[in-house]
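J.: One file is attached below, coords19.txt, containing compact mmCIF, N, CA and C atoms.
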```txt
# COMPACT_ATOMS: atom_id res chain seq x y z
N MET A 1 -14.85 186.25 -134.65
CA MET A 1 -14.18 186.10 -135.92
C MET A 1 -15.01 186.71 -137.04
N LYS A 2 -16.33 186.50 -137.02
CA LYS A 2 -17.18 187.07 -138.06
C LYS A 2 -17.13 188.59 -138.02
N ARG A 3 -17.10 189.19 -136.84
CA ARG A 3 -17.03 190.64 -136.73
C ARG A 3 -15.72 191.17 -137.31
N PHE A 4 -14.63 190.47 -137.03
CA PHE A 4 -13.33 190.88 -137.56
C PHE A 4 -13.36 190.85 -139.09
N PHE A 5 -13.88 189.77 -139.66
CA PHE A 5 -13.95 189.63 -141.12
C PHE A 5 -14.80 190.74 -141.72
N LEU A 6 -15.95 191.02 -141.13
CA LEU A 6 -16.83 192.08 -141.63
C LEU A 6 -16.16 193.44 -141.54
N ALA A 7 -15.48 193.72 -140.43
CA ALA A 7 -14.77 194.99 -140.28
C ALA A 7 -13.66 195.12 -141.32
N ALA A 8 -12.92 194.05 -141.55
CA ALA A 8 -11.85 194.07 -142.55
C ALA A 8 -12.42 194.28 -143.95
N LEU A 9 -13.53 193.64 -144.25
CA LEU A 9 -14.17 193.80 -145.55
C LEU A 9 -14.64 195.24 -145.75
N LEU A 10 -15.26 195.83 -144.77
CA LEU A 10 -15.72 197.21 -144.87
C LEU A 10 -14.56 198.18 -145.00
N LEU A 11 -13.48 197.95 -144.27
CA LEU A 11 -12.31 198.81 -144.36
C LEU A 11 -11.69 198.71 -145.75
N THR A 12 -11.58 197.51 -146.28
CA THR A 12 -11.03 197.31 -147.61
C THR A 12 -11.91 197.97 -148.66
N ALA A 13 -13.22 197.87 -148.52
CA ALA A 13 -14.14 198.46 -149.50
C ALA A 13 -14.04 199.97 -149.53
N ALA A 14 -13.64 200.58 -148.44
CA ALA A 14 -13.55 202.03 -148.38
C ALA A 14 -12.23 202.55 -148.93
N CYS A 15 -11.27 201.68 -149.18
CA CYS A 15 -9.95 202.10 -149.64
C CYS A 15 -9.85 202.09 -151.16
N ASP A 16 -9.09 203.06 -151.67
CA ASP A 16 -8.74 203.06 -153.08
C ASP A 16 -7.36 202.43 -153.21
N ILE A 17 -7.16 201.67 -154.27
CA ILE A 17 -5.87 201.06 -154.54
C ILE A 17 -5.37 201.62 -155.85
N THR A 18 -4.19 202.24 -155.84
CA THR A 18 -3.61 202.81 -157.05
C THR A 18 -2.32 202.07 -157.37
N GLN A 19 -2.18 201.67 -158.62
CA GLN A 19 -1.01 200.94 -159.09
C GLN A 19 -0.44 201.65 -160.33
N PRO A 20 0.88 201.58 -160.54
CA PRO A 20 1.44 202.14 -161.76
C PRO A 20 1.05 201.30 -162.98
N VAL A 21 0.96 201.96 -164.13
CA VAL A 21 0.63 201.30 -165.40
C VAL A 21 1.64 201.73 -166.45
N ALA A 22 2.08 200.80 -167.28
CA ALA A 22 2.91 201.11 -168.44
C ALA A 22 2.27 200.46 -169.66
N VAL A 23 2.02 201.27 -170.70
CA VAL A 23 1.42 200.78 -171.93
C VAL A 23 2.45 200.96 -173.04
N ILE A 24 2.66 199.91 -173.84
CA ILE A 24 3.66 199.93 -174.89
C ILE A 24 2.96 199.74 -176.22
N GLY A 25 3.08 200.74 -177.10
CA GLY A 25 2.50 200.66 -178.44
C GLY A 25 3.34 199.79 -179.35
N GLU A 26 2.80 199.49 -180.53
CA GLU A 26 3.51 198.62 -181.48
C GLU A 26 4.86 199.19 -181.90
N SER A 27 4.98 200.52 -181.97
CA SER A 27 6.23 201.14 -182.38
C SER A 27 7.20 201.32 -181.22
N GLY A 28 6.86 200.81 -180.05
CA GLY A 28 7.71 200.94 -178.88
C GLY A 28 7.42 202.17 -178.04
N GLU A 29 6.46 202.96 -178.46
CA GLU A 29 6.05 204.15 -177.71
C GLU A 29 5.52 203.73 -176.34
N VAL A 30 5.99 204.38 -175.27
CA VAL A 30 5.60 204.01 -173.91
C VAL A 30 4.75 205.10 -173.29
N PHE A 31 3.61 204.70 -172.78
CA PHE A 31 2.71 205.57 -172.01
C PHE A 31 2.81 205.13 -170.56
N ARG A 32 2.91 206.09 -169.64
CA ARG A 32 3.01 205.77 -168.22
C ARG A 32 1.88 206.46 -167.47
N GLY A 33 1.44 205.83 -166.39
CA GLY A 33 0.39 206.44 -165.58
C GLY A 33 -0.01 205.55 -164.44
N THR A 34 -1.28 205.66 -164.07
CA THR A 34 -1.79 204.89 -162.93
C THR A 34 -3.18 204.33 -163.22
N ALA A 35 -3.49 203.28 -162.50
CA ALA A 35 -4.84 202.71 -162.47
C ALA A 35 -5.29 202.71 -161.02
N THR A 36 -6.52 203.15 -160.79
CA THR A 36 -7.06 203.21 -159.44
C THR A 36 -8.33 202.38 -159.37
N ALA A 37 -8.38 201.48 -158.40
CA ALA A 37 -9.57 200.68 -158.14
C ALA A 37 -10.22 201.18 -156.87
N SER A 38 -11.51 201.48 -156.96
CA SER A 38 -12.26 201.96 -155.81
C SER A 38 -13.59 201.22 -155.76
N MET A 39 -13.94 200.73 -154.61
CA MET A 39 -15.22 200.04 -154.48
C MET A 39 -16.39 201.03 -154.49
N THR A 40 -16.11 202.31 -154.27
CA THR A 40 -17.19 203.30 -154.27
C THR A 40 -17.36 203.98 -155.61
N THR A 41 -16.26 204.18 -156.36
CA THR A 41 -16.37 204.89 -157.64
C THR A 41 -16.00 204.04 -158.84
N GLY A 42 -15.59 202.80 -158.63
CA GLY A 42 -15.19 201.93 -159.74
C GLY A 42 -13.72 202.07 -160.04
N GLY A 43 -13.32 201.63 -161.21
CA GLY A 43 -11.92 201.67 -161.60
C GLY A 43 -11.70 202.65 -162.73
N SER A 44 -10.53 203.26 -162.74
CA SER A 44 -10.16 204.17 -163.81
C SER A 44 -8.66 204.13 -164.01
N PHE A 45 -8.22 204.53 -165.21
CA PHE A 45 -6.79 204.61 -165.47
C PHE A 45 -6.51 205.80 -166.37
N LYS A 46 -5.31 206.32 -166.24
CA LYS A 46 -4.84 207.44 -167.06
C LYS A 46 -3.37 207.18 -167.36
N VAL A 47 -3.01 207.32 -168.64
CA VAL A 47 -1.62 207.19 -169.05
C VAL A 47 -1.29 208.30 -170.04
N THR A 48 -0.01 208.64 -170.14
CA THR A 48 0.43 209.65 -171.09
C THR A 48 1.84 209.33 -171.58
N ASN A 49 2.14 209.79 -172.79
CA ASN A 49 3.51 209.71 -173.29
C ASN A 49 4.14 211.10 -173.30
N GLY A 50 3.47 212.06 -172.67
CA GLY A 50 3.95 213.43 -172.62
C GLY A 50 3.27 214.32 -173.64
N ARG A 51 2.71 213.73 -174.68
CA ARG A 51 1.98 214.48 -175.71
C ARG A 51 0.52 214.03 -175.81
N ILE A 52 0.32 212.74 -175.69
CA ILE A 52 -1.01 212.14 -175.86
C ILE A 52 -1.44 211.55 -174.53
N ASN A 53 -2.68 211.80 -174.15
CA ASN A 53 -3.25 211.23 -172.93
C ASN A 53 -4.30 210.19 -173.31
N CYS A 54 -4.31 209.07 -172.62
CA CYS A 54 -5.30 208.02 -172.83
C CYS A 54 -5.86 207.61 -171.48
N GLY A 55 -7.08 207.13 -171.48
CA GLY A 55 -7.68 206.69 -170.23
C GLY A 55 -8.97 205.96 -170.45
N GLY A 56 -9.55 205.54 -169.35
CA GLY A 56 -10.82 204.84 -169.41
C GLY A 56 -11.24 204.38 -168.03
N THR A 57 -12.31 203.63 -168.01
CA THR A 57 -12.85 203.08 -166.77
C THR A 57 -13.05 201.59 -166.91
N TYR A 58 -13.13 200.91 -165.78
CA TYR A 58 -13.37 199.47 -165.77
C TYR A 58 -14.13 199.10 -164.50
N ASP A 59 -14.64 197.90 -164.49
CA ASP A 59 -15.42 197.41 -163.34
C ASP A 59 -14.47 196.88 -162.27
N ALA A 60 -14.14 197.72 -161.30
CA ALA A 60 -13.21 197.33 -160.24
C ALA A 60 -13.81 196.30 -159.29
N SER A 61 -15.11 196.17 -159.28
CA SER A 61 -15.74 195.23 -158.35
C SER A 61 -15.89 193.82 -158.94
N SER A 62 -15.54 193.65 -160.20
CA SER A 62 -15.63 192.33 -160.83
C SER A 62 -14.66 191.37 -160.15
N VAL A 63 -15.11 190.15 -159.92
CA VAL A 63 -14.25 189.13 -159.33
C VAL A 63 -13.58 188.27 -160.41
N SER A 64 -13.91 188.54 -161.66
CA SER A 64 -13.30 187.81 -162.77
C SER A 64 -11.83 188.19 -162.89
N ARG A 65 -11.00 187.24 -163.28
CA ARG A 65 -9.58 187.55 -163.49
C ARG A 65 -9.37 188.34 -164.77
N THR A 66 -10.34 188.31 -165.69
CA THR A 66 -10.24 189.04 -166.95
C THR A 66 -11.29 190.14 -166.99
N VAL A 67 -10.84 191.35 -167.32
CA VAL A 67 -11.73 192.51 -167.37
C VAL A 67 -11.51 193.23 -168.70
N SER A 68 -12.59 193.59 -169.38
CA SER A 68 -12.51 194.38 -170.62
C SER A 68 -12.92 195.81 -170.33
N PHE A 69 -12.36 196.75 -171.11
CA PHE A 69 -12.62 198.17 -170.86
C PHE A 69 -12.34 198.99 -172.11
N PRO A 70 -13.05 200.12 -172.27
CA PRO A 70 -12.79 201.02 -173.39
C PRO A 70 -11.60 201.92 -173.10
N VAL A 71 -10.92 202.34 -174.15
CA VAL A 71 -9.79 203.27 -174.05
C VAL A 71 -10.07 204.43 -175.00
N VAL A 72 -9.86 205.65 -174.54
CA VAL A 72 -10.02 206.85 -175.35
C VAL A 72 -8.77 207.69 -175.21
N CYS A 73 -8.22 208.16 -176.33
CA CYS A 73 -7.00 208.98 -176.31
C CYS A 73 -7.28 210.38 -176.83
N SER A 74 -6.47 211.33 -176.40
CA SER A 74 -6.66 212.73 -176.76
C SER A 74 -6.40 213.01 -178.24
N ASP A 75 -5.75 212.08 -178.95
CA ASP A 75 -5.51 212.27 -180.39
C ASP A 75 -6.61 211.64 -181.25
N GLY A 76 -7.70 211.20 -180.61
CA GLY A 76 -8.83 210.64 -181.35
C GLY A 76 -8.86 209.14 -181.44
N ARG A 77 -7.77 208.48 -181.09
CA ARG A 77 -7.77 207.02 -181.15
C ARG A 77 -8.62 206.46 -180.02
N LYS A 78 -9.22 205.32 -180.31
CA LYS A 78 -10.03 204.60 -179.33
C LYS A 78 -9.66 203.13 -179.42
N GLY A 79 -9.96 202.40 -178.35
CA GLY A 79 -9.65 200.99 -178.37
C GLY A 79 -10.43 200.22 -177.33
N LEU A 80 -10.20 198.92 -177.36
CA LEU A 80 -10.81 198.02 -176.39
C LEU A 80 -9.69 197.21 -175.76
N GLY A 81 -9.57 197.31 -174.44
CA GLY A 81 -8.53 196.60 -173.72
C GLY A 81 -9.07 195.40 -172.98
N THR A 82 -8.19 194.45 -172.76
CA THR A 82 -8.50 193.28 -171.95
C THR A 82 -7.34 193.07 -170.98
N ALA A 83 -7.65 193.09 -169.70
CA ALA A 83 -6.65 192.90 -168.66
C ALA A 83 -6.86 191.55 -167.99
N THR A 84 -5.77 190.88 -167.71
CA THR A 84 -5.80 189.65 -166.92
C THR A 84 -5.10 189.94 -165.61
N ARG A 85 -5.87 189.87 -164.54
CA ARG A 85 -5.32 190.16 -163.22
C ARG A 85 -4.65 188.92 -162.63
N ASP A 86 -3.55 189.16 -161.93
CA ASP A 86 -2.89 188.07 -161.21
C ASP A 86 -3.80 187.63 -160.06
N ALA A 87 -3.44 186.57 -159.38
CA ALA A 87 -4.26 186.03 -158.30
C ALA A 87 -4.55 187.06 -157.21
N ASN A 88 -3.64 188.02 -156.99
CA ASN A 88 -3.86 189.04 -155.96
C ASN A 88 -4.90 190.08 -156.39
N GLY A 89 -5.26 190.12 -157.67
CA GLY A 89 -6.29 191.02 -158.16
C GLY A 89 -5.85 192.44 -158.44
N ILE A 90 -4.62 192.81 -158.08
CA ILE A 90 -4.21 194.21 -158.27
C ILE A 90 -2.97 194.37 -159.15
N THR A 91 -2.43 193.29 -159.68
CA THR A 91 -1.35 193.36 -160.65
C THR A 91 -1.72 192.48 -161.83
N GLY A 92 -1.07 192.71 -162.97
CA GLY A 92 -1.35 191.89 -164.13
C GLY A 92 -0.88 192.53 -165.41
N SER A 93 -1.47 192.08 -166.52
CA SER A 93 -1.08 192.57 -167.84
C SER A 93 -2.24 192.40 -168.80
N GLY A 94 -2.04 192.90 -170.03
CA GLY A 94 -3.09 192.76 -171.01
C GLY A 94 -2.75 193.37 -172.35
N THR A 95 -3.76 193.49 -173.19
CA THR A 95 -3.61 194.04 -174.53
C THR A 95 -4.73 195.04 -174.80
N ILE A 96 -4.44 195.94 -175.74
CA ILE A 96 -5.44 196.90 -176.20
C ILE A 96 -5.43 196.89 -177.72
N ARG A 97 -6.58 196.69 -178.34
CA ARG A 97 -6.71 196.77 -179.80
C ARG A 97 -7.27 198.16 -180.11
N MET A 98 -6.46 198.98 -180.79
CA MET A 98 -6.86 200.35 -181.11
C MET A 98 -7.61 200.39 -182.44
N ASN A 99 -8.38 201.47 -182.65
CA ASN A 99 -9.19 201.59 -183.87
C ASN A 99 -8.35 201.84 -185.12
N ASP A 100 -7.05 202.12 -184.96
CA ASP A 100 -6.18 202.25 -186.13
C ASP A 100 -5.55 200.91 -186.50
N GLY A 101 -5.97 199.83 -185.82
CA GLY A 101 -5.47 198.48 -186.11
C GLY A 101 -4.26 198.07 -185.30
N SER A 102 -3.70 198.99 -184.52
CA SER A 102 -2.51 198.65 -183.74
C SER A 102 -2.90 197.91 -182.46
N ASP A 103 -1.98 197.07 -182.00
CA ASP A 103 -2.16 196.33 -180.76
C ASP A 103 -1.13 196.83 -179.76
N TRP A 104 -1.60 197.23 -178.60
CA TRP A 104 -0.74 197.70 -177.52
C TRP A 104 -0.74 196.66 -176.42
N THR A 105 0.33 196.60 -175.65
CA THR A 105 0.39 195.73 -174.48
C THR A 105 0.60 196.60 -173.25
N PHE A 106 0.24 196.08 -172.10
CA PHE A 106 0.43 196.85 -170.88
C PHE A 106 0.64 195.93 -169.69
N VAL A 107 1.25 196.51 -168.67
CA VAL A 107 1.40 195.85 -167.37
C VAL A 107 0.96 196.85 -166.30
N PHE A 108 0.45 196.33 -165.20
CA PHE A 108 0.11 197.19 -164.08
C PHE A 108 0.57 196.54 -162.80
N GLY A 109 0.94 197.38 -161.84
CA GLY A 109 1.54 196.90 -160.61
C GLY A 109 3.04 197.16 -160.64
N PRO A 110 3.80 196.54 -159.75
CA PRO A 110 5.22 196.79 -159.64
C PRO A 110 6.00 196.61 -160.95
N ALA A 111 5.59 195.69 -161.82
CA ALA A 111 6.30 195.48 -163.09
C ALA A 111 6.28 196.74 -163.96
N ALA A 112 5.26 197.57 -163.82
CA ALA A 112 5.17 198.80 -164.61
C ALA A 112 6.23 199.81 -164.21
N GLU A 113 6.72 199.72 -163.00
CA GLU A 113 7.74 200.67 -162.53
C GLU A 113 9.05 200.53 -163.29
N ALA A 114 9.29 199.38 -163.92
CA ALA A 114 10.50 199.18 -164.71
C ALA A 114 10.53 200.07 -165.95
N PHE A 115 9.38 200.62 -166.34
CA PHE A 115 9.29 201.46 -167.53
C PHE A 115 9.45 202.94 -167.21
N ASN A 116 9.77 203.29 -165.98
CA ASN A 116 9.96 204.71 -165.61
C ASN A 116 11.34 205.18 -165.95
```
With the file now loaded, output its structure as structure tokens.

T.:
Amino acid sequence: MKRFFLAALLLTAACDITQPVAVIGESGEVFRGTATASMTTGGSFKVTNGRINCGGTYDASSVSRTVSFPVVCSDGRKGLGTATRDANGITGSGTIRMNDGSDWTFVFGPAAEAFN
């Protein structure tokens, strides 16, 4: 049993998990993209509204349900996001406070697909 658990843990650690992301700005502007969690390279996300690209990195190995991360956009805006992961660790939602004072919300996982 211990060998099976160790093998499963090593296999999981070698896999990347990618989930859809939808970010909604205060004006209703929607950014779509993906977030990828990797035990070897960490976590990253990229979203776009077709004109502006935003992205950042996060600690994918954290076991905390809440993770904070920086956001940088191609139009010069920056922000700080906070994600709350569901119990499964790969879906959830959160908020981003941008440097222009706006607050954005986001979802990741299957719920983000509703914004396509």

J.: Show which residues sit within 12 Å of range 29-46 of chain A, as a VMD selection string. Count only C-alpha atoms, and ignore same-chain residues fewer than 6 positions away.

T.: chain A and resid 9 to 23 52 to 63 67 to 74 81 83 89 to 92 102 to 116

J.: Between CA of Arg65 in chain A and atom C of Gly28 in chain A, what is the spacing in Å?

T.: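 Distance reported for this atom pair: 26.7 Å.
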
J.: Let's see if you can do this: from backbone DSSP, list all helix (DSSP H, G or I) residues in chain A, as a PyMOL selection string.

T.: chain A and resi 2-14+110-115

J.: Just how far from atom N of Ile24 in chain A is CA of Asp86 in chain A, in Å to one decimal?

T.: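 Between CA of Asp86 in chain A and atom N of Ile24 in chain A the gap is 18.2 Å.
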
J.: Could you work out how far CA of Thr66 in chain A lies from atom C of Arg97 in chain A, giving the answer in Å with one decimal?

T.: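 The value is 16.3 Å.
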